[in-house]
file final_6.txt (compact mmCIF, C-alpha atoms)
# COMPACT_ATOMS: atom_id res chain seq x y z
CA MET A 1 -42.57 140.66 51.12
CA THR A 2 -42.43 139.18 47.62
CA ASP A 3 -42.68 140.71 44.16
CA ALA A 4 -44.94 139.70 41.28
CA ARG A 5 -42.70 136.73 40.52
CA GLY A 6 -43.13 135.38 44.05
CA VAL A 7 -39.53 135.98 45.19
CA PRO A 8 -38.34 138.35 47.94
CA ALA A 9 -38.85 141.94 46.72
CA ASP A 10 -36.14 143.54 48.86
CA PRO A 11 -32.67 142.70 47.49
CA GLU A 12 -31.37 142.53 51.06
CA ASP A 13 -33.80 139.66 51.79
CA ARG A 14 -32.81 137.62 48.75
CA PRO A 15 -30.34 134.77 49.15
CA ARG A 16 -27.09 135.22 47.26
CA ILE A 17 -26.73 132.06 45.17
CA THR A 18 -23.58 130.73 43.58
CA VAL A 19 -24.30 128.32 40.75
CA VAL A 20 -21.47 125.87 40.23
CA GLY A 21 -21.26 123.99 36.96
CA ILE A 22 -20.16 120.40 37.36
CA GLY A 23 -19.14 118.18 34.48
CA ALA A 24 -19.61 114.48 33.89
CA ASP A 25 -16.29 113.94 35.68
CA GLY A 26 -18.03 115.00 38.90
CA TRP A 27 -16.40 116.11 42.12
CA ASN A 28 -12.88 115.36 40.92
CA GLY A 29 -13.31 117.78 38.03
CA LEU A 30 -14.00 120.78 40.28
CA PRO A 31 -11.05 123.05 41.11
CA PRO A 32 -10.17 123.45 44.83
CA ARG A 33 -11.75 126.91 45.00
CA LEU A 34 -15.15 125.60 43.94
CA ARG A 35 -14.87 122.48 46.11
CA ALA A 36 -14.38 124.80 49.08
CA ALA A 37 -17.43 126.89 48.05
CA VAL A 38 -19.58 123.76 47.89
CA ARG A 39 -18.32 122.46 51.26
CA ASP A 40 -18.81 125.86 52.95
CA ALA A 41 -22.37 126.36 51.70
CA ARG A 42 -25.06 126.42 54.36
CA VAL A 43 -27.54 125.21 51.74
CA LEU A 44 -26.73 123.08 48.70
CA LEU A 45 -29.28 122.89 45.89
CA GLY A 46 -29.30 120.54 42.93
CA GLY A 47 -30.77 117.55 41.23
CA ARG A 48 -30.43 114.16 42.91
CA ARG A 49 -27.64 113.14 40.55
CA HIS A 50 -25.66 116.32 41.20
CA LEU A 51 -26.08 116.14 44.98
CA GLY A 52 -24.95 112.53 44.86
CA LEU A 53 -21.63 113.62 43.34
CA VAL A 54 -20.69 115.71 46.40
CA PRO A 55 -19.25 114.14 49.59
CA PRO A 56 -21.39 114.51 52.73
CA VAL A 57 -20.89 117.70 54.75
CA PRO A 58 -22.06 117.57 58.41
CA GLY A 59 -24.82 120.09 59.15
CA GLN A 60 -25.26 121.14 55.50
CA ARG A 61 -28.86 121.45 54.33
CA ARG A 62 -29.43 119.86 50.90
CA GLU A 63 -32.50 120.47 48.78
CA THR A 64 -33.47 118.96 45.44
CA TRP A 65 -35.11 121.10 42.76
CA PRO A 66 -38.90 121.27 42.92
CA THR A 67 -41.10 119.92 40.12
CA PRO A 68 -42.13 121.79 38.07
CA LEU A 69 -38.99 123.87 38.51
CA ARG A 70 -40.09 127.42 37.70
CA GLU A 71 -43.37 127.16 39.55
CA GLY A 72 -41.81 125.65 42.66
CA LEU A 73 -38.65 127.75 42.91
CA PRO A 74 -40.14 130.92 44.47
CA ALA A 75 -41.36 129.08 47.57
CA LEU A 76 -38.06 127.24 47.94
CA LEU A 77 -35.98 130.40 47.54
CA ASP A 78 -38.19 132.30 49.96
CA ALA A 79 -37.48 129.67 52.64
CA LEU A 80 -33.68 129.58 52.30
CA GLY A 81 -32.87 132.44 54.65
CA ALA A 82 -29.47 134.09 55.04
CA GLY A 83 -26.09 132.49 54.52
CA PRO A 84 -24.12 130.98 51.64
CA VAL A 85 -26.24 129.07 49.14
CA VAL A 86 -24.72 127.02 46.34
CA ALA A 87 -26.60 125.39 43.48
CA LEU A 88 -25.14 122.62 41.35
CA ALA A 89 -25.82 122.46 37.63
CA SER A 90 -24.54 120.57 34.60
CA GLY A 91 -21.67 122.15 32.68
CA ASP A 92 -22.40 125.78 31.90
CA PRO A 93 -25.47 126.73 33.98
CA LEU A 94 -26.42 129.41 31.44
CA VAL A 95 -26.67 126.95 28.54
CA SER A 96 -30.25 125.73 28.93
CA GLY A 97 -29.56 125.34 32.63
CA VAL A 98 -30.95 126.33 35.99
CA GLY A 99 -28.64 129.35 36.06
CA SER A 100 -30.81 131.05 33.46
CA THR A 101 -33.93 130.45 35.52
CA LEU A 102 -32.35 131.76 38.72
CA VAL A 103 -31.11 134.92 37.00
CA ASP A 104 -34.59 135.48 35.58
CA LEU A 105 -36.23 135.07 38.99
CA LEU A 106 -33.71 136.81 41.23
CA GLY A 107 -31.84 139.16 38.91
CA ALA A 108 -28.23 138.96 37.78
CA ASP A 109 -26.95 140.79 40.87
CA ALA A 110 -28.18 137.99 43.16
CA VAL A 111 -26.62 135.11 41.22
CA SER A 112 -22.98 134.21 40.64
CA ILE A 113 -22.22 131.74 37.87
CA GLU A 114 -19.18 129.44 37.93
CA PRO A 115 -19.37 127.48 34.68
CA ALA A 116 -17.64 124.26 33.81
CA VAL A 117 -16.93 123.32 30.20
CA SER A 118 -20.36 123.00 28.64
CA SER A 119 -21.62 119.89 26.91
CA VAL A 120 -22.05 122.07 23.80
CA ALA A 121 -18.37 123.02 23.80
CA LEU A 122 -17.34 119.39 24.30
CA ALA A 123 -19.69 118.24 21.53
CA ARG A 124 -18.28 120.81 19.09
CA ALA A 125 -14.78 119.63 19.94
CA ARG A 126 -15.60 115.94 19.45
CA MET A 127 -17.36 116.60 16.13
CA GLY A 128 -14.86 119.20 14.89
CA TRP A 129 -17.75 121.60 14.25
CA PRO A 130 -16.87 125.30 14.65
CA ALA A 131 -19.44 127.47 16.42
CA GLU A 132 -20.56 129.10 13.18
CA SER A 133 -21.15 125.76 11.46
CA ALA A 134 -23.85 124.34 13.78
CA ASP A 135 -26.77 125.75 15.73
CA VAL A 136 -27.74 124.64 19.23
CA LEU A 137 -31.28 123.53 20.04
CA THR A 138 -32.45 122.51 23.48
CA LEU A 139 -35.35 120.11 23.87
CA VAL A 140 -34.99 119.96 27.65
CA GLY A 141 -38.42 120.70 29.08
CA ARG A 142 -39.71 121.60 25.62
CA ASP A 143 -41.90 120.07 22.94
CA PRO A 144 -39.61 118.05 20.61
CA HIS A 145 -41.55 119.38 17.58
CA LEU A 146 -39.32 122.46 17.92
CA LEU A 147 -36.80 120.43 15.95
CA LEU A 148 -38.94 120.71 12.81
CA ARG A 149 -38.45 124.48 12.61
CA ALA A 150 -34.69 123.99 12.25
CA LEU A 151 -34.70 121.51 9.35
CA ALA A 152 -32.75 122.30 6.20
CA PRO A 153 -30.58 120.06 3.99
CA GLY A 154 -26.90 120.32 4.91
CA HIS A 155 -27.71 122.09 8.17
CA ARG A 156 -26.02 120.94 11.40
CA LEU A 157 -27.59 120.92 14.83
CA LEU A 158 -26.39 120.14 18.33
CA VAL A 159 -29.47 119.01 20.23
CA LEU A 160 -29.61 119.01 24.02
CA SER A 161 -31.73 115.95 24.57
CA PRO A 162 -34.12 115.78 27.55
CA ASP A 163 -33.69 112.12 28.56
CA ARG A 164 -32.98 108.60 27.33
CA ASN A 165 -36.07 108.73 25.14
CA GLY A 166 -34.89 111.85 23.35
CA PRO A 167 -32.92 110.21 20.51
CA ALA A 168 -35.84 107.98 19.52
CA ALA A 169 -38.19 110.99 19.49
CA VAL A 170 -35.73 112.96 17.36
CA ALA A 171 -35.27 110.05 14.95
CA GLY A 172 -39.03 109.68 14.56
CA LEU A 173 -39.52 113.37 13.82
CA LEU A 174 -36.67 113.39 11.30
CA ALA A 175 -37.96 110.33 9.48
CA GLY A 176 -41.51 111.68 9.46
CA ALA A 177 -40.31 114.92 7.85
CA GLY A 178 -38.37 113.13 5.10
CA TYR A 179 -35.03 113.50 6.91
CA GLY A 180 -34.47 109.81 7.66
CA ALA A 181 -31.09 109.92 5.87
CA SER A 182 -29.75 112.43 8.42
CA THR A 183 -26.82 111.23 10.52
CA MET A 184 -27.41 111.22 14.26
CA THR A 185 -24.30 111.07 16.44
CA LEU A 186 -25.00 110.37 20.08
CA LEU A 187 -22.26 111.75 22.35
CA GLY A 188 -22.66 110.26 25.82
CA ASP A 189 -21.12 111.31 29.16
CA LEU A 190 -18.94 113.98 27.55
CA GLY A 191 -15.81 114.62 29.61
CA ALA A 192 -16.14 111.51 31.75
CA ASP A 193 -14.19 108.24 31.69
CA THR A 194 -17.37 106.59 30.38
CA GLU A 195 -17.62 108.92 27.36
CA SER A 196 -19.18 107.16 24.35
CA ARG A 197 -20.07 107.82 20.74
CA ARG A 198 -22.55 106.16 18.39
CA ALA A 199 -23.58 107.26 14.90
CA ALA A 200 -26.47 106.09 12.71
CA THR A 201 -28.99 107.55 10.32
CA ALA A 202 -32.35 108.45 11.77
CA ALA A 203 -33.95 105.65 9.76
CA ASP A 204 -31.42 103.09 11.05
CA TRP A 205 -31.89 104.34 14.61
CA LEU A 206 -35.60 103.61 14.38
CA ALA A 207 -34.99 100.19 12.82
CA ALA A 208 -32.38 99.11 15.37
CA PRO A 209 -32.31 101.34 18.48
CA PRO A 210 -29.41 100.77 20.88
CA PRO A 211 -30.11 98.69 23.99
CA GLU A 212 -29.19 101.60 26.27
CA VAL A 213 -28.81 105.37 25.90
CA PRO A 214 -26.64 107.29 28.40
CA ALA A 215 -28.66 109.58 30.65
CA LEU A 216 -26.29 112.46 29.81
CA HIS A 217 -25.90 112.97 26.09
CA VAL A 218 -25.89 115.44 23.21
CA LEU A 219 -27.14 114.65 19.71
CA ALA A 220 -25.14 115.97 16.76
CA LEU A 221 -27.34 116.04 13.66
CA ASP A 222 -26.06 116.31 10.09
CA LEU A 223 -29.32 116.91 8.25
CA ARG A 224 -30.22 115.36 4.90
CA GLY A 225 -33.68 115.85 3.44
CA PRO A 226 -35.91 118.02 1.25
CA GLY A 227 -35.44 121.77 0.95
CA VAL A 228 -37.37 123.88 3.44
CA SER A 229 -37.81 127.65 3.23
CA TRP A 230 -37.02 129.71 6.31
CA ALA A 231 -38.58 132.80 4.72
CA THR A 232 -42.17 133.95 5.13
CA GLY A 233 -44.63 132.86 2.50
CA LEU A 234 -44.52 129.06 2.78
CA PRO A 235 -46.41 127.20 0.06
CA ASP A 236 -50.13 126.97 0.76
CA ASP A 237 -49.93 123.17 0.75
CA ALA A 238 -47.63 123.34 3.78
CA TYR A 239 -50.82 123.90 5.76
CA GLU A 240 -53.79 121.74 6.54
CA HIS A 241 -56.82 123.97 5.95
CA ASP A 242 -60.48 124.08 4.95
CA GLY A 243 -60.11 127.04 2.61
CA GLN A 244 -59.76 129.57 5.43
CA LEU A 245 -56.10 130.34 4.78
CA THR A 246 -54.21 133.59 4.19
CA ARG A 247 -52.65 132.73 0.85
CA ARG A 248 -48.93 132.70 0.29
CA ASP A 249 -48.37 136.07 -1.41
CA LEU A 250 -50.82 137.88 0.85
CA ARG A 251 -49.26 136.25 3.91
CA ALA A 252 -45.80 137.48 2.91
CA ALA A 253 -47.17 140.99 2.36
CA ALA A 254 -48.82 140.99 5.77
CA LEU A 255 -45.75 139.71 7.61
CA ALA A 256 -43.53 142.30 5.93
CA ARG A 257 -45.69 145.00 7.52
CA LEU A 258 -46.09 143.21 10.84
CA ALA A 259 -42.25 143.21 11.08
CA PRO A 260 -41.39 140.26 13.37
CA ALA A 261 -38.58 140.89 15.85
CA PRO A 262 -37.02 138.75 18.62
CA GLY A 263 -39.23 138.67 21.71
CA ALA A 264 -42.18 140.42 20.04
CA HIS A 265 -45.72 139.09 20.58
CA LEU A 266 -48.32 138.77 17.80
CA TRP A 267 -52.08 138.38 17.99
CA ASP A 268 -53.38 136.40 15.01
CA VAL A 269 -57.10 137.20 15.18
CA GLY A 270 -59.44 135.00 13.17
CA ALA A 271 -56.54 132.61 12.69
CA GLY A 272 -58.16 130.13 10.27
CA ALA A 273 -55.29 127.72 9.61
CA GLY A 274 -52.88 129.75 11.78
CA SER A 275 -50.47 130.52 8.94
CA VAL A 276 -49.62 134.12 9.91
CA GLY A 277 -48.96 133.29 13.57
CA ILE A 278 -46.95 130.22 12.60
CA GLU A 279 -44.71 132.09 10.17
CA TRP A 280 -44.27 134.91 12.67
CA LEU A 281 -42.89 132.34 15.15
CA ARG A 282 -40.67 130.72 12.52
CA THR A 283 -38.78 133.99 11.97
CA HIS A 284 -36.99 133.77 15.35
CA PRO A 285 -37.07 131.37 18.34
CA ALA A 286 -37.80 134.23 20.76
CA CYS A 287 -40.94 135.41 18.93
CA ARG A 288 -44.27 134.72 20.64
CA ALA A 289 -47.81 134.55 19.27
CA SER A 290 -51.43 133.98 20.26
CA ALA A 291 -53.86 132.64 17.65
CA VAL A 292 -57.52 133.45 18.28
CA GLU A 293 -60.02 131.19 16.50
CA ALA A 294 -63.72 130.83 17.23
CA ARG A 295 -64.34 127.41 15.66
CA PRO A 296 -63.00 124.43 17.66
CA GLU A 297 -62.18 122.31 14.60
CA ARG A 298 -60.10 125.13 13.15
CA ALA A 299 -58.38 125.74 16.49
CA ALA A 300 -57.39 122.05 16.56
CA ARG A 301 -56.11 122.39 13.00
CA VAL A 302 -54.01 125.41 13.99
CA ARG A 303 -52.38 123.34 16.73
CA ARG A 304 -51.57 120.53 14.29
CA ASN A 305 -50.09 122.96 11.77
CA ALA A 306 -47.98 124.62 14.47
CA ARG A 307 -46.50 121.32 15.65
CA ARG A 308 -45.80 120.08 12.14
CA LEU A 309 -44.03 123.32 11.20
CA GLY A 310 -41.90 123.39 14.33
CA VAL A 311 -43.57 126.07 16.48
CA PRO A 312 -45.61 124.13 19.07
CA ALA A 313 -45.48 127.10 21.47
CA LEU A 314 -48.15 128.95 19.47
CA ALA A 315 -50.84 129.76 22.04
CA VAL A 316 -54.25 128.90 20.57
CA VAL A 317 -57.22 130.68 22.12
CA GLU A 318 -60.68 129.33 21.28
CA GLY A 319 -63.18 132.17 21.25
CA THR A 320 -64.62 135.09 19.33
CA ALA A 321 -63.01 138.53 19.22
CA PRO A 322 -63.20 141.00 20.80
CA GLU A 323 -64.23 139.05 23.92
CA ALA A 324 -61.48 136.44 23.45
CA LEU A 325 -58.79 139.14 23.38
CA ALA A 326 -59.26 140.01 27.05
CA GLY A 327 -56.36 138.85 29.20
CA LEU A 328 -53.96 138.05 26.35
CA PRO A 329 -50.35 139.26 26.68
CA ALA A 330 -49.98 142.79 25.32
CA PRO A 331 -49.24 142.62 21.58
CA ASP A 332 -46.43 144.22 19.61
CA ALA A 333 -48.28 143.39 16.39
CA ILE A 334 -51.79 142.26 15.44
CA PHE A 335 -53.03 140.55 12.31
CA VAL A 336 -56.78 140.37 11.73
CA GLY A 337 -57.52 137.84 9.03
CA GLY A 338 -61.19 137.39 9.81
CA GLY A 339 -63.93 139.15 11.74
CA ALA A 340 -62.72 142.72 11.26
CA SER A 341 -66.26 143.93 10.55
CA ARG A 342 -67.53 142.51 13.84
CA ALA A 343 -68.45 145.25 16.31
CA GLY A 344 -65.60 146.19 18.63
CA VAL A 345 -62.84 144.11 17.01
CA LEU A 346 -60.86 146.94 15.40
CA ASP A 347 -61.38 149.22 18.40
CA ALA A 348 -60.07 146.52 20.77
CA CYS A 349 -57.04 145.90 18.57
CA LEU A 350 -56.23 149.60 18.22
CA ALA A 351 -56.47 150.06 21.99
CA ALA A 352 -54.30 147.02 22.78
CA LEU A 353 -51.26 147.92 20.70
CA ARG A 354 -48.17 149.23 22.44
CA PRO A 355 -46.39 152.34 21.12
CA GLY A 356 -44.64 151.28 17.93
CA GLY A 357 -47.04 148.36 17.53
CA ARG A 358 -48.23 147.34 14.05
CA LEU A 359 -51.72 146.38 12.94
CA VAL A 360 -52.49 144.65 9.63
CA VAL A 361 -56.06 143.81 8.65
CA HIS A 362 -57.26 141.87 5.60
CA GLY A 363 -60.77 142.01 4.24
CA VAL A 364 -62.57 140.51 1.24
CA THR A 365 -66.19 141.55 1.88
CA LEU A 366 -67.82 144.90 1.20
CA GLU A 367 -68.62 145.21 4.90
CA THR A 368 -64.98 144.78 5.89
CA GLU A 369 -63.78 147.06 3.09
CA ARG A 370 -66.10 149.77 4.41
CA ALA A 371 -64.76 149.32 7.95
CA LEU A 372 -61.16 149.50 6.74
CA ALA A 373 -61.82 152.59 4.64
CA ASP A 374 -63.34 154.30 7.67
CA ALA A 375 -60.35 153.27 9.81
CA TYR A 376 -57.95 154.61 7.20
CA LEU A 377 -59.76 157.96 7.08
CA ALA A 378 -59.80 158.18 10.88
CA HIS A 379 -56.27 156.98 11.67
CA GLY A 380 -54.19 157.07 8.49
CA GLY A 381 -51.75 154.29 7.72
CA GLU A 382 -51.58 152.39 4.45
CA LEU A 383 -54.63 151.15 2.55
CA SER A 384 -54.03 148.77 -0.37
CA ARG A 385 -55.91 146.40 -2.62
CA LEU A 386 -53.92 143.25 -3.33
CA THR A 387 -54.57 140.93 -6.21
CA ALA A 388 -52.78 137.78 -7.33
CA GLU A 389 -53.25 135.79 -10.53
CA SER A 390 -51.90 132.34 -11.33
CA ALA A 391 -51.42 130.67 -14.68
CA ALA A 392 -53.78 127.71 -15.18
CA PRO A 393 -55.12 125.61 -18.07
CA LEU A 394 -57.78 127.39 -20.14
CA GLY A 395 -59.10 124.84 -22.58
CA ALA A 396 -56.20 123.90 -24.83
CA PHE A 397 -54.32 127.01 -23.75
CA THR A 398 -53.08 128.69 -20.56
CA GLY A 399 -54.67 131.70 -18.97
CA TRP A 400 -54.64 133.74 -15.81
CA THR A 401 -56.88 132.74 -12.91
CA PRO A 402 -57.37 135.60 -10.45
CA ALA A 403 -57.73 135.04 -6.72
CA ARG A 404 -60.18 137.09 -4.67
CA THR A 405 -58.97 140.67 -4.23
CA VAL A 406 -57.98 141.51 -0.64
CA THR A 407 -58.12 144.95 0.94
CA GLN A 408 -55.24 145.47 3.37
CA TRP A 409 -55.02 148.18 5.99
CA ALA A 410 -51.69 148.57 7.77
CA TRP A 411 -51.23 151.00 10.66
CA THR A 412 -48.52 151.73 13.25
CA ARG A 413 -49.18 153.27 16.66
CA ARG A 414 -46.79 156.18 16.99
CA HIS A 415 -47.28 156.97 20.68
call {"tool": "encode", "arguments": {"input": "final_6.txt", "output": "structure tokens"}}
result
Amino acid sequence: MTDARGVPADPEDRPRITVVGIGADGWNGLPPRLRAAVRDARVLLGGRRHLGLVPPVPGQRRETWPTPLREGLPALLDALGAGPVVALASGDPLVSGVGSTLVDLLGADAVSIEPAVSSVALARARMGWPAESADVLTLVGRDPHLLLRALAPGHRLLVLSPDRNGPAAVAGLLAGAGYGASTMTLLGDLGADTESRRAATAADWLAAPPPEVPALHVLALDLRGPGVSWATGLPDDAYEHDGQLTRRDLRAAALARLAPAPGAHLWDVGAGAGSVGIEWLRTHPACRASAVEARPERAARVRRNARRLGVPALAVVEGTAPEALAGLPAPDAIFVGGGASRAGVLDACLAALRPGGRLVVHGVTLETERALADAYLAHGGELSRLTAESAAPLGAFTGWTPARTVTQWAWTRRH
């Protein structure tokens, strides 16, 4: 019997897996205790490279990881049966490694982790970068556009690169964002006799790429480029749009009430250019968001904006609310930037919110204002009218140019 994740539901039926971290120094770098655990395993799991580091053991069953990993693991784990199972992983298996996936699928009680020195720790040591001075970003199995969320002048990053093509992709993204002067240090085969180091600016890397990149490497980035805000309320010109954009000051006001938090999921309904969902995701790497947009050209624009601003994981749903809301992950917060007067939209959003969930709705038409006033009278919350004026030329002088007034209704589900 299996659970919803496809793995054995009864803990007694689950294989107990020991995940052994192995460094670039291979078999010789493992202590005797872990060598014995690997030799005594009935089943040995790992990538082809890892399995090739271990001497043959008569009668031992060896299995390579399925592709794609997460989708294929349940069937493999279900077929392992009883007896000692060992999985090999690079360095610390819980640093963007298979150990994290196994714990997620089987639970922490079914997985033992035996880490080696991680590539991150070795990279910090080689660069002389204390833990608080550099963030870690993994691009393994992820869209490299994630890098763009982390850009800031003077910022340092240790990037776990997916393959030999990773440095070129990183260099291209840096140069395209105006960060071509950033120093990229490639640290290859950390901890092995073949350890190597090469440094160049992103622009120089693109102009003269090295003839060969080690398969195992970490990129240390010392970023140099234009200032980028990590706060909500990015400039309006940060977005490609056709006029359907929640403007900067209104966007910041909405996000303050939506209250992003790690792991929380947002619905951005009537997404337009996707600015609210994008800035929700930029607040923390663990945030999640779904952008619902009825017009295909705008949905495509949302995807482009999300990639360019470093949050390619934004899920874009093409369709009209409330029908398009069916089947989406349950939201912790909902922003309705368009379509609030459409029949059923507010009711669907109110019903979908979890306890403690926040709803923020913007309206500029009389029809939407009427709907929000009715919702306020029925449910309470906070009803505001927001105006913004900007100085602009007025003949030979300067005057105030008002933007369209927006009615904002903010509401929190209490139970």
call {"tool": "axis_aligned_box", "arguments": {"input": "final_6.txt", "around": "segment 117-132 of chain A", "padding_each_side": "4 Å", "output": "lines of an AutoDock Vina configuration file"}}
result
center_x = -18.4
center_y = 122.5
center_z = 21.7
size_x = 15.3
size_y = 21.2
size_z = 25.0
call {"tool": "residues_around", "arguments": {"input": "final_6.txt", "residues": "segment 32-46 of chain A", "least_positions_apart": "4", "cutoff": "7 Å", "atoms": "all atoms listed in the file", "output": "list in words"}}
result
His50, Leu51, Val57, Gln60, Arg61, Arg62, Glu63, Thr64, Trp65, Gly83, Pro84, Val85, Val86, Ala87, Leu88 and Ala89 of chain A
call {"tool": "closest_residue", "arguments": {"input": "final_6.txt", "among": "A:Ala286, A:Ala238, A:Ala175, A:Ala391", "to": "Pro260 of chain A", "atoms": "all atoms listed in the file"}}
result
A:Ala286
call {"tool": "residues_around", "arguments": {"input": "final_6.txt", "residues": "Val136 of chain A", "least_positions_apart": "4", "cutoff": "9 Å", "atoms": "all atoms listed in the file", "output": "ChimeraX atom specification"}}
result
/A:120,156-160
call {"tool": "atom_distance", "arguments": {"input": "final_6.txt", "atom1": "atom CA of Gly107 of chain A", "atom2": "atom CA of Val140 of chain A"}}
result
22.5 Å
call {"tool": "atom_distance", "arguments": {"input": "final_6.txt", "atom1": "atom CA of Thr232 of chain A", "atom2": "atom CA of Leu255 of chain A"}}
result
7.2 Å
call {"tool": "closest_residue", "arguments": {"input": "final_6.txt", "among": "A:Pro115, A:Gly277, A:Pro210, A:Gly339", "to": "Gly233 of chain A", "atoms": "only C-alpha atoms"}}
result
A:Gly277
call {"tool": "residues_around", "arguments": {"input": "final_6.txt", "residues": "segment 352-363 of chain A", "least_positions_apart": "5", "cutoff": "9 Å", "atoms": "only C-alpha atoms", "output": "ChimeraX atom specification"}}
result
/A:246,250,254-255,257-259,330-341,346-347,368-369,372,405-415
call {"tool": "write_last_selection", "arguments": {"input": "final_6.txt", "atoms": "C-alpha atoms", "output": "mmCIF file, in the coordinates of the input"}}
result
data_model
loop_
_atom_site.group_PDB
_atom_site.id
_atom_site.type_symbol
_atom_site.label_atom_id
_atom_site.label_comp_id
_atom_site.auth_asym_id
_atom_site.auth_seq_id
_atom_site.Cartn_x
_atom_site.Cartn_y
_atom_site.Cartn_z
ATOM 1 C CA THR A 246 -54.210 133.590 4.190
ATOM 2 C CA LEU A 250 -50.820 137.880 0.850
ATOM 3 C CA ALA A 254 -48.820 140.990 5.770
ATOM 4 C CA LEU A 255 -45.750 139.710 7.610
ATOM 5 C CA ARG A 257 -45.690 145.000 7.520
ATOM 6 C CA LEU A 258 -46.090 143.210 10.840
ATOM 7 C CA ALA A 259 -42.250 143.210 11.080
ATOM 8 C CA ALA A 330 -49.980 142.790 25.320
ATOM 9 C CA PRO A 331 -49.240 142.620 21.580
ATOM 10 C CA ASP A 332 -46.430 144.220 19.610
ATOM 11 C CA ALA A 333 -48.280 143.390 16.390
ATOM 12 C CA ILE A 334 -51.790 142.260 15.440
ATOM 13 C CA PHE A 335 -53.030 140.550 12.310
ATOM 14 C CA VAL A 336 -56.780 140.370 11.730
ATOM 15 C CA GLY A 337 -57.520 137.840 9.030
ATOM 16 C CA GLY A 338 -61.190 137.390 9.810
ATOM 17 C CA GLY A 339 -63.930 139.150 11.740
ATOM 18 C CA ALA A 340 -62.720 142.720 11.260
ATOM 19 C CA SER A 341 -66.260 143.930 10.550
ATOM 20 C CA LEU A 346 -60.860 146.940 15.400
ATOM 21 C CA ASP A 347 -61.380 149.220 18.400
ATOM 22 C CA THR A 368 -64.980 144.780 5.890
ATOM 23 C CA GLU A 369 -63.780 147.060 3.090
ATOM 24 C CA LEU A 372 -61.160 149.500 6.740
ATOM 25 C CA THR A 405 -58.970 140.670 -4.230
ATOM 26 C CA VAL A 406 -57.980 141.510 -0.640
ATOM 27 C CA THR A 407 -58.120 144.950 0.940
ATOM 28 C CA GLN A 408 -55.240 145.470 3.370
ATOM 29 C CA TRP A 409 -55.020 148.180 5.990
ATOM 30 C CA ALA A 410 -51.690 148.570 7.770
ATOM 31 C CA TRP A 411 -51.230 151.000 10.660
ATOM 32 C CA THR A 412 -48.520 151.730 13.250
ATOM 33 C CA ARG A 413 -49.180 153.270 16.660
ATOM 34 C CA ARG A 414 -46.790 156.180 16.990
ATOM 35 C CA HIS A 415 -47.280 156.970 20.680
#
call {"tool": "atom_distance", "arguments": {"input": "final_6.txt", "atom1": "atom CA of Pro296 of chain A", "atom2": "atom CA of Asp249 of chain A"}}
result
26.7 Å
call {"tool": "residues_around", "arguments": {"input": "final_6.txt", "residues": "segment 393-403 of chain A", "least_positions_apart": "4", "cutoff": "12 Å", "atoms": "only C-alpha atoms", "output": "ChimeraX atom specification"}}
result
/A:246-250,364,386-389
call {"tool": "closest_residue", "arguments": {"input": "final_6.txt", "among": "A:Ala79, A:Cys349, A:Ala171, A:Ala24", "to": "Leu190 of chain A", "atoms": "all atoms listed in the file"}}
result
A:Ala24
call {"tool": "closest_residue", "arguments": {"input": "final_6.txt", "among": "A:Pro226, A:Pro167, A:Pro58, A:Gly272", "to": "Thr185 of chain A", "atoms": "all atoms listed in the file"}}
result
A:Pro167
call {"tool": "residues_near_point", "arguments": {"input": "final_6.txt", "point": "(-38.5, 123.5, 15.3)", "cutoff": "12 Å", "atoms": "all atoms listed in the file", "output": "VMD selection string"}}
result
chain A and resid 135 to 139 142 to 152 157 159 170 173 to 174 177 228 230 278 to 279 281 to 285 306 to 314
call {"tool": "closest_residue", "arguments": {"input": "final_6.txt", "among": "A:Ala181, A:Val218, A:Ala199, A:Ala271", "to": "Ser118 of chain A", "atoms": "all atoms listed in the file"}}
result
A:Val218
call {"tool": "residues_around", "arguments": {"input": "final_6.txt", "residues": "Arg301 of chain A", "least_positions_apart": "3", "cutoff": "7 Å", "atoms": "only C-alpha atoms", "output": "list in words"}}
result
Glu240, Ala273, Glu297, Arg298, Arg304 and Asn305 of chain A
call {"tool": "closest_residue", "arguments": {"input": "final_6.txt", "among": "A:His155, A:Gly81, A:Gly26, A:Ala192", "to": "Trp129 of chain A", "atoms": "only C-alpha atoms"}}
result
A:His155
call {"tool": "build_atoms", "arguments": {"input": "final_6.txt", "residues": "segment 186-190 of chain A", "atoms": "N, CA, C and O atoms", "output": "PDB file, in the coordinates of the input"}}
result
ATOM      1  N   LEU A 186     -24.716 110.254  18.661  1.00  0.00           N
ATOM      2  CA  LEU A 186     -25.000 110.370  20.080  1.00  0.00           C
ATOM      3  C   LEU A 186     -23.681 110.429  20.839  1.00  0.00           C
ATOM      4  O   LEU A 186     -22.859 109.512  20.759  1.00  0.00           O
ATOM      5  N   LEU A 187     -23.472 111.535  21.550  1.00  0.00           N
ATOM      6  CA  LEU A 187     -22.260 111.750  22.350  1.00  0.00           C
ATOM      7  C   LEU A 187     -22.640 111.637  23.810  1.00  0.00           C
ATOM      8  O   LEU A 187     -23.307 112.523  24.367  1.00  0.00           O
ATOM      9  N   GLY A 188     -22.249 110.530  24.454  1.00  0.00           N
ATOM     10  CA  GLY A 188     -22.660 110.260  25.820  1.00  0.00           C
ATOM     11  C   GLY A 188     -21.587 110.570  26.840  1.00  0.00           C
ATOM     12  O   GLY A 188     -20.395 110.385  26.592  1.00  0.00           O
ATOM     13  N   ASP A 189     -22.009 111.072  28.012  1.00  0.00           N
ATOM     14  CA  ASP A 189     -21.120 111.310  29.160  1.00  0.00           C
ATOM     15  C   ASP A 189     -19.876 112.087  28.766  1.00  0.00           C
ATOM     16  O   ASP A 189     -18.737 111.708  29.115  1.00  0.00           O
ATOM     17  N   LEU A 190     -20.077 113.186  28.046  1.00  0.00           N
ATOM     18  CA  LEU A 190     -18.940 113.980  27.550  1.00  0.00           C
ATOM     19  C   LEU A 190     -18.064 114.458  28.706  1.00  0.00           C
ATOM     20  O   LEU A 190     -18.548 115.032  29.676  1.00  0.00           O
TER      21      LEU A 190
END
